[in-house]
>>> print(open('query-v4.txt').read())   # compact mmCIF, C-alpha atoms
# COMPACT_ATOMS: atom_id res chain seq x y z
CA MET A 1 -28.13 -57.48 -19.43
CA ARG A 2 -24.98 -57.87 -17.40
CA ARG A 3 -22.92 -56.30 -20.18
CA GLN A 4 -25.39 -53.40 -20.46
CA GLY A 5 -25.10 -52.82 -16.69
CA ILE A 6 -21.32 -52.68 -16.91
CA ILE A 7 -21.53 -50.16 -19.74
CA THR A 8 -24.04 -48.05 -17.79
CA ARG A 9 -21.82 -48.01 -14.68
CA SER A 10 -18.78 -47.12 -16.81
CA LEU A 11 -20.62 -44.25 -18.46
CA THR A 12 -21.86 -43.04 -15.08
CA TYR A 13 -18.28 -43.12 -13.74
CA ILE A 14 -16.98 -41.18 -16.77
CA VAL A 15 -19.72 -38.56 -16.44
CA ARG A 16 -18.98 -38.12 -12.73
CA ARG A 17 -15.27 -37.74 -13.44
CA MET A 18 -16.03 -35.18 -16.13
CA ASP A 19 -18.34 -33.25 -13.78
CA LYS A 20 -15.67 -33.31 -11.09
CA THR A 21 -13.01 -32.07 -13.53
CA ILE A 22 -15.29 -29.26 -14.74
CA ALA A 23 -16.02 -28.29 -11.11
CA GLN A 24 -12.30 -28.25 -10.29
CA GLU A 25 -11.55 -26.09 -13.32
CA GLU A 26 -14.33 -23.67 -12.37
CA ARG A 27 -13.05 -23.51 -8.80
CA MET A 28 -9.53 -22.78 -10.03
CA LYS A 29 -10.82 -19.96 -12.25
CA ARG A 30 -12.59 -18.43 -9.25
CA LEU A 31 -9.48 -18.71 -7.06
CA ILE A 32 -7.43 -16.93 -9.73
CA LYS A 33 -10.09 -14.22 -10.04
CA VAL A 34 -9.90 -13.60 -6.28
CA ALA A 35 -6.13 -13.08 -6.57
CA GLU A 36 -6.71 -10.53 -9.34
CA VAL A 37 -9.22 -8.55 -7.26
CA PHE A 38 -7.45 -8.64 -3.88
CA SER A 39 -3.75 -7.86 -4.37
CA PRO A 40 -1.81 -7.42 -1.09
CA GLY A 41 1.53 -7.70 -2.86
CA ALA A 42 1.13 -4.82 -5.33
CA PRO A 43 -0.37 -1.33 -5.42
CA ILE A 44 -3.76 -0.89 -7.09
CA ASP A 45 -3.37 0.30 -10.68
CA LYS A 46 -7.01 0.31 -11.87
CA GLN A 47 -9.62 2.88 -10.90
CA ALA A 48 -12.33 0.17 -10.75
CA LEU A 49 -10.50 -1.51 -7.85
CA PHE A 50 -9.54 1.68 -6.02
CA SER A 51 -11.55 2.55 -2.91
CA GLY A 52 -11.95 5.50 -0.55
CA ARG A 53 -9.58 8.48 -0.27
CA VAL A 54 -12.19 10.95 -1.59
CA GLN A 55 -10.58 14.01 0.03
CA GLN A 56 -7.04 13.07 -1.00
CA VAL A 57 -8.12 12.35 -4.60
CA SER A 58 -9.90 15.71 -4.70
CA ASP A 59 -6.81 17.55 -3.40
CA VAL A 60 -4.56 15.95 -6.02
CA ILE A 61 -7.04 16.58 -8.87
CA ASN A 62 -7.32 20.25 -7.86
CA ALA A 63 -3.54 20.59 -8.05
CA VAL A 64 -3.30 18.80 -11.42
CA ALA A 65 -5.99 21.10 -12.84
CA GLN A 66 -4.02 24.25 -11.97
CA ARG A 67 -0.86 25.42 -13.73
CA GLY A 68 2.13 25.86 -11.47
CA GLN A 69 0.85 23.51 -8.77
CA HIS A 70 2.68 20.33 -7.77
CA VAL A 71 1.97 17.70 -5.12
CA ILE A 72 3.79 15.84 -2.41
CA LEU A 73 1.80 12.84 -1.22
CA PHE A 74 3.07 11.67 2.14
CA GLY A 75 2.20 9.29 4.95
CA GLU A 76 3.21 6.04 6.63
CA ARG A 77 4.38 3.12 4.57
CA GLY A 78 1.55 0.84 3.55
CA VAL A 79 -1.32 3.37 3.62
CA GLY A 80 -1.87 3.31 -0.15
CA LYS A 81 0.04 6.34 -1.44
CA THR A 82 1.33 4.55 -4.54
CA SER A 83 -2.13 3.14 -5.33
CA LEU A 84 -3.61 6.63 -5.33
CA ALA A 85 -0.78 7.97 -7.48
CA ASN A 86 -1.25 5.08 -9.92
CA VAL A 87 -4.93 5.84 -10.59
CA ILE A 88 -4.75 9.65 -10.80
CA SER A 89 -3.98 9.69 -14.54
CA GLU A 90 -6.86 7.30 -15.23
CA ILE A 91 -9.21 9.41 -13.12
CA MET A 92 -8.19 12.57 -15.02
CA LYS A 93 -8.70 10.83 -18.37
CA THR A 94 -12.20 9.69 -17.41
CA HIS A 95 -13.03 13.33 -16.65
CA GLY A 96 -12.18 14.64 -20.10
CA LEU A 97 -8.36 14.98 -20.20
CA LYS A 98 -7.87 12.25 -22.80
CA ASP A 99 -4.57 13.58 -24.15
CA ILE A 100 -2.75 13.85 -20.83
CA ASN A 101 0.74 12.34 -20.85
CA SER A 102 1.84 10.45 -17.76
CA GLY A 103 4.72 8.50 -16.31
CA ILE A 104 5.58 6.94 -12.95
CA ILE A 105 9.00 5.89 -11.68
CA ASN A 106 10.52 4.65 -8.42
CA CYS A 107 13.58 6.20 -6.83
CA ASP A 108 16.39 4.14 -5.39
CA GLY A 109 19.42 4.81 -3.26
CA THR A 110 21.77 5.08 -6.26
CA ASP A 111 19.85 7.83 -8.07
CA ASP A 112 21.33 11.24 -8.79
CA PHE A 113 19.40 14.04 -10.47
CA SER A 114 20.31 13.01 -14.02
CA SER A 115 19.56 9.30 -13.58
CA LEU A 116 16.26 10.18 -11.92
CA TRP A 117 15.11 12.29 -14.85
CA HIS A 118 16.33 9.82 -17.47
CA LYS A 119 14.01 7.34 -15.76
CA VAL A 120 11.14 9.81 -15.93
CA LEU A 121 11.75 10.78 -19.56
CA ARG A 122 11.76 7.12 -20.63
CA GLU A 123 8.11 7.04 -19.53
CA LEU A 124 7.05 10.09 -21.59
CA THR A 125 6.57 9.96 -25.37
CA PHE A 126 6.88 12.65 -28.01
CA PRO A 127 5.16 12.50 -31.45
CA VAL A 128 7.42 12.87 -34.49
CA GLN A 129 6.00 13.05 -38.01
CA LYS A 130 7.93 11.41 -40.84
CA SER A 131 7.23 10.83 -44.54
CA SER A 132 7.11 7.26 -45.76
CA ILE A 133 9.28 6.16 -48.71
CA GLY A 134 7.72 5.84 -52.19
CA PHE A 135 6.02 7.76 -55.01
CA ASN A 136 3.03 8.62 -52.84
CA PRO A 137 4.59 9.25 -49.44
CA GLU A 138 2.32 9.47 -46.45
CA ILE A 139 2.88 11.33 -43.23
CA VAL A 140 3.45 8.79 -40.46
CA THR A 141 3.43 9.69 -36.79
CA GLN A 142 5.98 7.91 -34.64
CA TYR A 143 6.45 8.20 -30.90
CA ILE A 144 9.86 8.40 -29.30
CA THR A 145 10.76 8.59 -25.63
CA LEU A 146 12.06 11.92 -24.41
CA ASP A 147 15.22 10.53 -22.82
CA ASN A 148 16.64 10.33 -26.36
CA LEU A 149 16.47 14.12 -26.60
CA VAL A 150 18.54 15.09 -23.57
CA PRO A 151 22.24 14.91 -22.69
CA SER A 152 23.49 12.59 -19.97
CA ASP A 153 24.01 15.55 -17.62
CA ILE A 154 20.64 17.23 -16.95
CA THR A 155 19.84 20.52 -15.20
CA PRO A 156 16.49 21.79 -13.86
CA ASP A 157 16.22 24.24 -16.77
CA THR A 158 16.86 21.41 -19.26
CA ILE A 159 13.82 19.66 -17.82
CA ARG A 160 11.74 22.85 -17.91
CA TYR A 161 12.62 23.59 -21.55
CA LEU A 162 12.02 20.02 -22.76
CA ILE A 163 8.71 19.59 -20.98
CA GLN A 164 7.44 23.02 -21.99
CA ARG A 165 8.29 22.52 -25.67
CA SER A 166 7.57 18.82 -26.13
CA VAL A 167 5.40 17.17 -23.51
CA GLY A 168 2.24 19.22 -23.25
CA ARG A 169 -0.07 18.45 -20.36
CA ALA A 170 1.42 15.72 -18.20
CA ILE A 171 1.50 14.09 -14.80
CA ILE A 172 4.91 12.91 -13.61
CA ILE A 173 4.87 10.67 -10.54
CA ILE A 174 8.12 10.18 -8.65
CA ASP A 175 7.61 7.49 -6.01
CA GLU A 176 9.71 6.72 -2.91
CA VAL A 177 11.51 10.07 -2.89
CA ASP A 178 12.59 9.27 0.68
CA ARG A 179 15.01 6.72 -0.80
CA ILE A 180 17.09 9.45 -2.45
CA LYS A 181 20.39 9.55 -0.55
CA ASP A 182 22.17 12.29 -2.50
CA GLU A 183 21.41 15.68 -0.91
CA GLN A 184 22.28 17.57 -4.09
CA THR A 185 19.60 15.58 -5.94
CA THR A 186 16.98 16.77 -3.47
CA VAL A 187 18.13 20.38 -3.91
CA LEU A 188 17.93 20.12 -7.72
CA LEU A 189 14.52 18.43 -7.51
CA ALA A 190 13.25 21.39 -5.47
CA ASP A 191 14.80 23.75 -8.04
CA THR A 192 12.98 21.90 -10.83
CA ILE A 193 9.61 22.30 -9.13
CA LYS A 194 10.36 25.98 -8.60
CA THR A 195 11.27 26.66 -12.25
CA LEU A 196 8.31 24.67 -13.60
CA SER A 197 6.01 26.66 -11.33
CA ASP A 198 7.59 30.03 -12.18
CA HIS A 199 7.17 29.35 -15.91
CA SER A 200 3.60 28.08 -15.43
CA VAL A 201 4.43 24.84 -17.26
CA ASP A 202 1.28 22.73 -17.69
CA THR A 203 2.79 19.65 -16.09
CA THR A 204 2.28 18.40 -12.55
CA ILE A 205 4.95 16.59 -10.58
CA ILE A 206 3.58 14.29 -7.87
CA LEU A 207 6.19 13.28 -5.31
CA VAL A 208 5.36 10.28 -3.13
CA GLY A 209 7.14 9.60 0.16
CA VAL A 210 7.02 9.53 3.94
CA ALA A 211 6.43 12.57 6.15
CA ASP A 212 10.13 13.40 6.48
CA SER A 213 10.21 13.89 2.69
CA VAL A 214 8.13 17.07 3.05
CA ASP A 215 10.42 18.72 5.60
CA ASN A 216 13.55 17.67 3.72
CA LEU A 217 12.34 19.00 0.37
CA ILE A 218 11.00 22.31 1.65
CA SER A 219 14.13 22.93 3.70
CA LYS A 220 16.12 22.88 0.43
CA HIS A 221 13.97 25.55 -1.21
CA ALA A 222 11.53 27.29 1.15
CA SER A 223 9.94 29.28 -1.68
CA ILE A 224 8.46 26.14 -3.30
CA GLU A 225 6.07 25.70 -0.38
CA ARG A 226 3.40 27.88 -2.02
CA SER A 227 3.51 25.83 -5.24
CA LEU A 228 3.67 22.43 -3.51
CA VAL A 229 0.32 21.05 -2.35
CA GLN A 230 0.96 18.82 0.66
CA VAL A 231 -1.49 15.90 0.75
CA GLN A 232 -1.28 13.69 3.82
CA MET A 233 -2.43 10.09 3.51
CA PRO A 234 -3.63 8.96 6.94
CA ARG A 235 -4.53 5.37 7.68
CA MET A 236 -7.81 4.37 6.09
CA SER A 237 -11.04 4.56 8.06
CA LEU A 238 -13.10 1.48 8.84
CA ASP A 239 -15.64 2.52 6.21
CA GLU A 240 -12.94 2.88 3.56
CA LEU A 241 -11.52 -0.55 4.40
CA ARG A 242 -14.99 -2.08 4.26
CA GLU A 243 -15.47 -0.42 0.86
CA ILE A 244 -12.42 -2.33 -0.40
CA MET A 245 -14.09 -5.59 0.63
CA THR A 246 -17.53 -4.63 -0.70
CA LYS A 247 -16.20 -3.55 -4.09
CA GLY A 248 -14.01 -6.65 -4.43
CA LEU A 249 -16.63 -9.16 -3.33
CA ASN A 250 -19.22 -7.62 -5.64
CA LEU A 251 -16.87 -8.29 -8.56
CA LEU A 252 -16.57 -11.88 -7.35
CA ASN A 253 -20.31 -12.35 -6.74
CA MET A 254 -19.54 -13.24 -3.12
CA SER A 255 -20.84 -12.05 0.24
CA ILE A 256 -19.40 -11.84 3.75
CA ASP A 257 -20.75 -12.12 7.28
CA LYS A 258 -20.99 -8.56 8.64
CA ARG A 259 -19.14 -9.40 11.85
CA VAL A 260 -16.30 -10.94 9.83
CA GLU A 261 -16.19 -7.86 7.60
CA ILE A 262 -15.87 -5.58 10.62
CA GLU A 263 -13.21 -7.79 12.20
CA ILE A 264 -11.11 -7.71 9.02
CA ALA A 265 -11.40 -3.92 8.98
CA TYR A 266 -10.25 -3.68 12.61
CA LEU A 267 -7.44 -6.20 12.06
CA SER A 268 -6.14 -4.14 9.14
CA GLN A 269 -5.52 -1.16 11.47
CA GLY A 270 -5.98 1.32 8.66
CA LEU A 271 -3.57 -0.44 6.28
CA PRO A 272 -5.21 -1.59 3.01
CA HIS A 273 -2.48 -4.20 2.50
CA TYR A 274 -3.99 -6.33 5.26
CA THR A 275 -7.56 -5.82 4.07
CA HIS A 276 -6.48 -7.23 0.72
CA LEU A 277 -4.46 -10.01 2.37
CA LEU A 278 -7.21 -11.24 4.70
CA SER A 279 -9.93 -10.82 2.05
CA LEU A 280 -7.83 -12.80 -0.42
CA HIS A 281 -7.27 -15.80 1.85
CA ALA A 282 -10.78 -15.71 3.37
CA ALA A 283 -12.45 -15.63 -0.06
CA GLN A 284 -10.23 -18.43 -1.33
CA SER A 285 -11.03 -20.46 1.78
CA ALA A 286 -14.75 -20.07 1.09
CA ILE A 287 -14.38 -21.02 -2.57
CA SER A 288 -12.29 -24.08 -1.64
CA HIS A 289 -15.26 -25.21 0.45
CA ASP A 290 -17.70 -24.48 -2.42
CA ARG A 291 -19.28 -21.50 -0.66
CA ASP A 292 -20.06 -18.01 -1.95
CA SER A 293 -20.21 -16.47 1.53
CA ILE A 294 -17.22 -15.78 3.80
CA THR A 295 -17.65 -17.01 7.38
CA GLY A 296 -15.78 -16.74 10.67
CA GLN A 297 -13.99 -20.02 9.93
CA ASP A 298 -12.71 -18.58 6.66
CA LEU A 299 -11.32 -15.61 8.58
CA GLN A 300 -9.54 -17.94 11.03
CA ASN A 301 -8.03 -19.75 8.05
CA ALA A 302 -7.00 -16.40 6.54
CA ILE A 303 -5.32 -15.27 9.78
CA ALA A 304 -3.38 -18.53 10.02
CA MET A 305 -2.32 -18.19 6.38
CA GLY A 306 -1.35 -14.55 6.88
CA VAL A 307 0.89 -15.42 9.85
CA ARG A 308 2.43 -18.39 8.07
CA LYS A 309 3.17 -16.51 4.85
CA ALA A 310 4.29 -13.20 6.33
CA GLN A 311 7.39 -11.53 4.95
CA ARG A 312 10.55 -13.08 6.37
CA SER A 313 11.78 -9.64 7.47
CA ILE A 314 8.65 -9.15 9.60
CA ILE A 315 8.94 -12.60 11.19
CA ASN A 316 12.63 -12.04 11.99
CA ALA A 317 11.99 -8.59 13.44
CA TYR A 318 9.22 -9.97 15.65
CA HIS A 319 11.43 -12.73 17.08
CA GLU A 320 14.32 -10.32 17.63
CA ALA A 321 12.01 -7.99 19.57
CA ILE A 322 10.61 -10.60 21.98
CA LEU A 323 13.62 -12.88 22.36
CA SER A 324 14.72 -13.31 25.99
CA ALA A 325 16.66 -15.87 28.00
CA ARG A 326 14.07 -15.84 30.78
CA GLU A 327 10.32 -15.52 31.15
CA THR A 328 9.31 -11.91 30.40
CA LEU A 329 6.37 -9.81 29.26
CA TYR A 330 7.92 -8.81 25.93
CA SER A 331 5.39 -10.75 23.81
CA GLU A 332 2.43 -9.34 25.73
CA VAL A 333 3.74 -5.76 25.79
CA LEU A 334 4.48 -5.84 22.07
CA LEU A 335 0.97 -7.15 21.43
CA ALA A 336 -0.49 -4.41 23.64
CA CYS A 337 1.47 -1.81 21.64
CA ALA A 338 0.03 -3.25 18.43
CA LEU A 339 -3.48 -2.93 19.87
CA ALA A 340 -3.03 0.63 21.19
CA SER A 341 -4.99 3.53 19.73
CA THR A 342 -2.86 5.69 17.41
CA ASP A 343 -3.03 9.15 15.87
CA ASP A 344 -3.08 9.81 12.12
CA MET A 345 0.67 9.24 11.88
CA GLY A 346 0.64 5.96 13.81
CA PHE A 347 1.96 7.32 17.15
CA PHE A 348 0.72 6.16 20.55
CA ALA A 349 1.64 6.89 24.17
CA ALA A 350 2.24 4.55 27.11
CA THR A 351 -1.20 5.47 28.43
CA ASP A 352 -2.71 4.03 25.23
CA VAL A 353 -1.03 0.70 25.98
CA ARG A 354 -2.41 0.30 29.51
CA GLN A 355 -5.94 -0.79 28.55
CA PRO A 356 -4.95 -3.48 25.99
CA MET A 357 -2.19 -4.71 28.33
CA SER A 358 -4.70 -5.11 31.16
CA ALA A 359 -7.12 -6.92 28.82
CA ILE A 360 -4.40 -9.33 27.63
CA LYS A 361 -3.33 -10.23 31.18
CA ASN A 362 -6.85 -9.98 32.63
CA LYS A 363 -5.72 -7.68 35.46
CA ASN A 364 -4.95 -4.00 35.89
CA TYR A 365 -1.47 -2.94 34.83
CA GLU A 366 0.28 0.30 35.73
CA ILE A 367 2.45 2.02 33.13
CA SER A 368 5.56 1.49 35.25
CA ALA A 369 5.16 -2.29 34.82
CA PHE A 370 5.64 -2.21 31.05
CA SER A 371 7.22 1.13 30.11
CA PRO A 372 10.78 -0.32 30.42
CA HIS A 373 9.80 -2.92 27.81
CA MET A 374 8.57 -0.19 25.48
CA ASN A 375 11.85 1.67 25.84
CA ASP A 376 13.75 -1.55 25.17
CA PHE A 377 11.82 -1.94 21.89
CA CYS A 378 13.46 1.32 20.77
CA GLU A 379 17.00 -0.01 21.29
CA ILE A 380 19.20 -1.87 18.81
CA LYS A 381 19.17 -5.00 20.97
CA ARG A 382 15.47 -5.44 20.08
CA GLY A 383 15.57 -4.28 16.49
CA PRO A 384 14.67 -1.57 17.12
CA ILE A 385 11.03 -2.34 16.40
CA LEU A 386 9.63 0.93 17.78
CA GLN A 387 10.52 4.55 17.09
CA ARG A 388 10.39 6.98 20.04
CA LYS A 389 9.87 10.75 19.87
CA GLY A 390 9.49 13.48 22.47
CA SER A 391 10.92 13.75 25.97
CA PRO A 392 10.72 11.56 29.11
CA ARG A 393 7.19 11.39 30.59
CA SER A 394 5.75 12.51 27.25
CA TYR A 395 7.30 9.98 24.85
CA ARG A 396 5.25 8.87 21.85
CA PHE A 397 5.98 5.64 20.04
CA ARG A 398 5.18 4.04 16.72
CA PHE A 399 6.20 0.93 14.83
CA ILE A 400 9.10 1.57 12.45
CA ASN A 401 7.41 -0.76 9.98
CA PRO A 402 3.62 -0.14 10.15
CA LEU A 403 2.97 -3.56 8.57
CA MET A 404 4.29 -5.08 11.79
CA GLN A 405 1.21 -4.08 13.83
CA PRO A 406 -1.48 -6.25 12.17
CA TYR A 407 0.98 -9.15 11.97
CA ILE A 408 1.53 -9.03 15.75
CA VAL A 409 -2.24 -8.96 16.38
CA MET A 410 -2.88 -11.86 13.99
CA ARG A 411 -0.09 -13.79 15.64
CA GLY A 412 -1.59 -13.08 19.07
CA LEU A 413 -4.94 -14.41 17.88
CA SER A 414 -3.46 -17.52 16.25
CA GLU A 415 -1.31 -18.32 19.33
CA GLY A 416 -4.12 -17.72 21.83
CA LEU A 417 -2.56 -14.70 23.55
CA ILE A 418 -5.88 -12.95 22.95
CA THR A 419 -9.35 -14.04 21.90
CA SER A 420 -11.54 -12.39 19.28
CA ASP A 421 -13.66 -10.96 22.10
CA ILE A 422 -10.63 -9.33 23.75
CA PHE A 423 -9.52 -8.00 20.38
CA GLU A 424 -12.92 -6.44 19.75
CA GLN A 425 -12.97 -5.00 23.25
CA THR A 426 -9.64 -3.22 22.78
CA GLN A 427 -10.68 -1.81 19.41
CA VAL A 428 -14.08 -0.52 20.50
CA ASN A 429 -12.66 1.11 23.59
>>> encode(input="query-v4.txt", output="structure tokens")
Amino acid sequence: MRRQGIITRSLTYIVRRMDKTIAQEERMKRLIKVAEVFSPGAPIDKQALFSGRVQQVSDVINAVAQRGQHVILFGERGVGKTSLANVISEIMKTHGLKDINSGIINCDGTDDFSSLWHKVLRELTFPVQKSSIGFNPEIVTQYITLDNLVPSDITPDTIRYLIQRSVGRAIIIIDEVDRIKDEQTTVLLADTIKTLSDHSVDTTIILVGVADSVDNLISKHASIERSLVQVQMPRMSLDELREIMTKGLNLLNMSIDKRVEIEIAYLSQGLPHYTHLLSLHAAQSAISHDRDSITGQDLQNAIAMGVRKAQRSIINAYHEAILSARETLYSEVLLACALASTDDMGFFAATDVRQPMSAIKNKNYEISAFSPHMNDFCEIKRGPILQRKGSPRSYRFRFINPLMQPYIVMRGLSEGLITSDIFEQTQVN
């Protein structure tokens, strides 16, 4: 009997260990799945994961459907321009354009016109029919990339001729055009759009960049304005950000407390990167505690993780902005700026900072008490961390790096500079 008891206990122990191992493996699979659904580090590249932007998608589709129309997609960094560009081809294919050719490339500071188009043409394929060897040869279709068909030195008309004769219907996405440093490249890019439009070539170029890209491009060739559809990408609305969470959590068979969902949307400040970031860490926190529902504690864990794992450049810029040899209000003023209401392009005025500043310090603050700090944030000695436009008494400010704003707010929450109630108060008002 004693021996049988030992065997029973041993078997029970083994079964428990096996159950624990299986549970750990299942938990790990779920954690990995969360990281596939919520991706703060990379643009969305699948239509199933893309959310919102109905008007912008419609504007781009309308341009793609019309010969001679091209698109410049512009807005602040981090608002999801590249994600939209990535899914346009897939959206068009699901609506009947199965044979559409497409390619996407990123510009860099070393690109000239020829190197830019060699990048593009590497992404586009051209069918070539060849006969196989033997007594009964068959016709075999091979695909080659178009960069093999052009000389090293390319002109706008070279591009027009090659695309018109070889490519067929296509979408060409040129991302980060604001990184092009060579002025002549911008001029030739404008010339290319003009000649493609004039010849009614059935290919759409989608340029992706910041707002200055529009003015710079049009100034090089004013006549392209009528063939260039300008699509502005504002920050996402609260409903669009909540759609990101809803769609992702549905794929994960998870739920979220409504107040937590709203707080994540507010914390994101219109930037989908932070919705993905906070949803990622909050969902993984819940799974690590064997829960299928995200709670307020999971959000606190996600905020702490987001602050701790922020990009080193953001952390350094934050410290450079607030650093002072004596006690000052720089931390509080910067936090108030991050909480201020903004327009579609991320700009705010000193009057927008007064209410959050008063809430942070729990007393009324006049603009004169913190406006010198805001001006300092625009100087090299503090980064600069803010950009200033306009004239004295009517200055408008915005963060040079939009991703800085949510980081500052999350840091304020994690360090106790503000409470969740104060945060909600500043956002509602």
>>> atom_distance(input="query-v4.txt", atom1="CA of Ser152 in chain A", atom2="CA of Val210 in chain A")
29.2 Å
>>> closest_residue(input="query-v4.txt", among="A:Ala286, A:Leu188, A:Ala350, A:Leu334", to="Ser394 in chain A", atoms="all atoms listed in the file")
A:Ala350
>>> closest_residue(input="query-v4.txt", among="A:Ala359, A:Glu415, A:Arg27, A:Met305", to="Arg291 in chain A", atoms="only C-alpha atoms")
A:Arg27
>>> closest_residue(input="query-v4.txt", among="A:Ser358, A:Gln427, A:Gln230, A:Ser166", to="Tyr143 in chain A", atoms="only C-alpha atoms")
A:Ser166
>>> residues_around(input="query-v4.txt", residues="Ile360 in chain A", least_positions_apart="5", cutoff="8 Å", atoms="only C-alpha atoms", output="ChimeraX atom specification")
/A:332,336,417-418,422
>>> closest_residue(input="query-v4.txt", among="A:Ile367, A:Arg396, A:Gly416, A:Ile256", to="Ser331 in chain A", atoms="all atoms listed in the file")
A:Gly416
>>> closest_residue(input="query-v4.txt", among="A:Tyr330, A:Phe397, A:Phe74, A:Phe113", to="Ala369 in chain A", atoms="all atoms listed in the file")
A:Tyr330
>>> residues_around(input="query-v4.txt", residues="Ile314 in chain A", least_positions_apart="2", cutoff="10 Å", atoms="all atoms listed in the file", output="MDAnalysis selection string")
chainID A and resid 307 310:312 316:320 385 401 403:405 407:408
>>> closest_residue(input="query-v4.txt", among="A:Val34, A:Gly306, A:Asn375, A:Leu124", to="Asn253 in chain A", atoms="only C-alpha atoms")
A:Val34
>>> residues_around(input="query-v4.txt", residues="Glu76 in chain A", least_positions_apart="2", cutoff="10 Å", atoms="all atoms listed in the file", output="MDAnalysis selection string")
chainID A and resid 74 78:81 209:211 232:235 271 344:346 400:403
